[in-house]
Number of protein chains: 2
Amino acid sequence: MTFDPATLVYNDAGLIPVIAQDDATNEILMMAWMNAEAVARTLQTGHVTYWSRSRRAFWIKGESSGNRQELVELRVDCDRDCLLVRVRQTGPACHTNRRSCFYTAVRDGAEVELMAPVAN
Amino acid sequence: MTFDPATLVYNDAGLIPVIAQDDATNEILMMAWMNAEAVARTLQTGHVTYWSRSRRAFWIKGESSGNRQELVELRVDCDRDCLLVRVRQTGPACHTNRRSCFYTAVRDGAEVELMAPVAN
């Protein structure tokens with residue numbers, strides 16, 4: 001079946017959540033949002049392209065920082081309202097310069113930092 | 001720092017997206033939503049508890065199907081508006097009886113099914 005981004009289920013703002021997972025390590029790197037055009041651009045270009053809700057603009061991941069995400073595979077969930085992108089990540093994925101945005105764990109009721117920013 | 005679910009960033013409906021990842025295999029199983037009370041219950045009970053948007057009720061994963069998710073660790077992302085739960089999953093996580101909800105890949109513009117339902 002041919003894939004059409006219009007068949008996905010978007011929220012009231014026209015967006016769908018996207019989980020980015022490192023294709024080499026299976027680590028979850030981040031979660032962000034795409035609209036239908038961002039999904040299409042990601043597939044066309046191979047550069048993972050989100051929709052920035054704060055800037056209200058397309059956001060080619062790593063375009064300014066150099067920490068790009070190259071698409072390995074896009075996956076759709078069962079009810080078509082969430083996407084998974086498996087990626088080749090250059091440098092840290094998080095804007096805090098950490099490998100992953102999920103660097104805080106809750107252990108015994110307290111927040112614990114799991115990883116430090118990458119040295120430049 | 002003590003963790004308080006009230007410090008998370010919820011959307012207009014009072015919900016935060018939650019990614020469930022298998023702690024043993026690192027496979028991404030599903031994405032669903034929690035409100036602050038569901039986050040608290042998950043931590044208190046160790047049974048991953050979502051908020052069902054369709055049923056407008058707490059949803060203790062696997063309570064009816066037996067396919068429970070036991071919490072191994074909860075993680076918070078950098079801007080505190082997304083959670084990751086690392087879990088021990090009993091049986092398939094997807095309501096279609098597949099191991100993961102992300103069983104459809106887009107390859108060469110076409111949808112490809114990656115895994116079949118688990119036999120009962």
# chains A, B, ... in the order shown; residues from 1 in each chain; ligands from 1
>>> interface_residues(of="chain B", to="chain A", cutoff="10 Å", atoms="only C-alpha atoms", output="MDAnalysis selection string")
chainID B and resid 1:4 17:19 21 25:32 43:44 72:85 94:96 98 100:114
>>> select_by_dssp(residues="chain B", states="strand (DSSP E or B)", output="number ranges by chain")
B: 2, 16-22, 28-34, 47, 49-52, 57-60, 69-76, 83-89, 104-107, 110-113
>>> residues_around(residues="Ala24 of chain A", least_positions_apart="6", cutoff="12 Å", atoms="only C-alpha atoms", output="VMD selection string")
(chain A and resid 72 86 to 90) or (chain B and resid 26)
>>> write_last_selection(atoms="all heavy atoms", output="PDB file, in the first residue's frame")
ATOM      1  N   VAL A  72      16.631   6.631   8.839  1.00  0.00           N
ATOM      2  CA  VAL A  72      16.863   5.240   8.428  1.00  0.00           C
ATOM      3  C   VAL A  72      15.521   4.605   8.061  1.00  0.00           C
ATOM      4  O   VAL A  72      15.391   3.991   7.009  1.00  0.00           O
ATOM      5  CB  VAL A  72      17.567   4.442   9.545  1.00  0.00           C
ATOM      6  CG1 VAL A  72      17.720   2.981   9.152  1.00  0.00           C
ATOM      7  CG2 VAL A  72      18.925   5.058   9.860  1.00  0.00           C
ATOM      8  N   ARG A  86      13.532   6.021  13.046  1.00  0.00           N
ATOM      9  CA  ARG A  86      14.827   5.421  13.407  1.00  0.00           C
ATOM     10  C   ARG A  86      15.869   6.203  12.615  1.00  0.00           C
ATOM     11  O   ARG A  86      15.730   6.388  11.402  1.00  0.00           O
ATOM     12  CB  ARG A  86      14.843   3.925  13.086  1.00  0.00           C
ATOM     13  CG  ARG A  86      13.889   3.154  14.035  1.00  0.00           C
ATOM     14  CD  ARG A  86      13.968   1.664  13.831  1.00  0.00           C
ATOM     15  NE  ARG A  86      15.295   1.118  14.007  1.00  0.00           N
ATOM     16  CZ  ARG A  86      15.801   0.707  15.179  1.00  0.00           C
ATOM     17  NH1 ARG A  86      15.100   0.792  16.283  1.00  0.00           N
ATOM     18  NH2 ARG A  86      17.027   0.205  15.234  1.00  0.00           N
ATOM     19  N   VAL A  87      16.891   6.698  13.330  1.00  0.00           N
ATOM     20  CA  VAL A  87      17.789   7.690  12.738  1.00  0.00           C
ATOM     21  C   VAL A  87      19.266   7.368  12.966  1.00  0.00           C
ATOM     22  O   VAL A  87      19.615   6.637  13.887  1.00  0.00           O
ATOM     23  CB  VAL A  87      17.506   9.099  13.320  1.00  0.00           C
ATOM     24  CG1 VAL A  87      16.049   9.500  13.093  1.00  0.00           C
ATOM     25  CG2 VAL A  87      17.869   9.192  14.797  1.00  0.00           C
ATOM     26  N   ARG A  88      20.083   7.960  12.105  1.00  0.00           N
ATOM     27  CA  ARG A  88      21.516   8.053  12.364  1.00  0.00           C
ATOM     28  C   ARG A  88      21.746   9.462  12.884  1.00  0.00           C
ATOM     29  O   ARG A  88      21.573  10.442  12.153  1.00  0.00           O
ATOM     30  CB  ARG A  88      22.314   7.835  11.070  1.00  0.00           C
ATOM     31  CG  ARG A  88      22.766   6.411  10.843  1.00  0.00           C
ATOM     32  CD  ARG A  88      23.698   6.302   9.643  1.00  0.00           C
ATOM     33  NE  ARG A  88      23.037   6.759   8.425  1.00  0.00           N
ATOM     34  CZ  ARG A  88      22.293   5.983   7.622  1.00  0.00           C
ATOM     35  NH1 ARG A  88      22.141   4.707   7.878  1.00  0.00           N
ATOM     36  NH2 ARG A  88      21.728   6.493   6.549  1.00  0.00           N
ATOM     37  N   GLN A  89      22.094   9.578  14.165  1.00  0.00           N
ATOM     38  CA  GLN A  89      22.230  10.873  14.823  1.00  0.00           C
ATOM     39  C   GLN A  89      23.686  11.315  14.813  1.00  0.00           C
ATOM     40  O   GLN A  89      24.562  10.570  15.243  1.00  0.00           O
ATOM     41  CB  GLN A  89      21.729  10.749  16.270  1.00  0.00           C
ATOM     42  CG  GLN A  89      21.968  11.972  17.140  1.00  0.00           C
ATOM     43  CD  GLN A  89      21.059  13.136  16.757  1.00  0.00           C
ATOM     44  OE1 GLN A  89      19.871  12.954  16.547  1.00  0.00           O
ATOM     45  NE2 GLN A  89      21.634  14.331  16.642  1.00  0.00           N
ATOM     46  N   THR A  90      23.925  12.521  14.337  1.00  0.00           N
ATOM     47  CA  THR A  90      25.253  13.123  14.448  1.00  0.00           C
ATOM     48  C   THR A  90      25.293  13.979  15.700  1.00  0.00           C
ATOM     49  O   THR A  90      24.443  14.856  15.866  1.00  0.00           O
ATOM     50  CB  THR A  90      25.541  14.023  13.231  1.00  0.00           C
ATOM     51  OG1 THR A  90      25.420  13.246  12.044  1.00  0.00           O
ATOM     52  CG2 THR A  90      26.939  14.614  13.307  1.00  0.00           C
TER      53      THR A  90
ATOM     54  N   ASN B  26      14.953  -2.806  24.553  1.00  0.00           N
ATOM     55  CA  ASN B  26      14.961  -1.413  24.078  1.00  0.00           C
ATOM     56  C   ASN B  26      13.981  -1.156  22.935  1.00  0.00           C
ATOM     57  O   ASN B  26      14.007  -0.079  22.329  1.00  0.00           O
ATOM     58  CB  ASN B  26      16.372  -0.959  23.666  1.00  0.00           C
ATOM     59  CG  ASN B  26      17.238  -0.682  24.874  1.00  0.00           C
ATOM     60  OD1 ASN B  26      16.751  -0.163  25.885  1.00  0.00           O
ATOM     61  ND2 ASN B  26      18.518  -1.034  24.789  1.00  0.00           N
TER      62      ASN B  26
END
>>> residues_around(residues="Trp51 of chain B", least_positions_apart="3", cutoff="7 Å", atoms="only C-alpha atoms", output="mmCIF file with C-alpha atoms, in the first residue's frame")
data_model
loop_
_atom_site.group_PDB
_atom_site.id
_atom_site.type_symbol
_atom_site.label_atom_id
_atom_site.label_comp_id
_atom_site.auth_asym_id
_atom_site.auth_seq_id
_atom_site.Cartn_x
_atom_site.Cartn_y
_atom_site.Cartn_z
ATOM 1 C CA TRP B 33 -0.937 9.659 27.684
ATOM 2 C CA MET B 34 -0.923 10.308 31.419
ATOM 3 C CA ASN B 35 -2.331 13.044 33.600
ATOM 4 C CA ALA B 38 -1.674 8.690 36.419
ATOM 5 C CA ARG B 56 -11.938 9.283 29.914
ATOM 6 C CA ALA B 57 -10.721 6.965 32.637
ATOM 7 C CA PHE B 58 -7.536 5.624 34.183
ATOM 8 C CA TRP B 59 -6.169 2.723 32.218
#
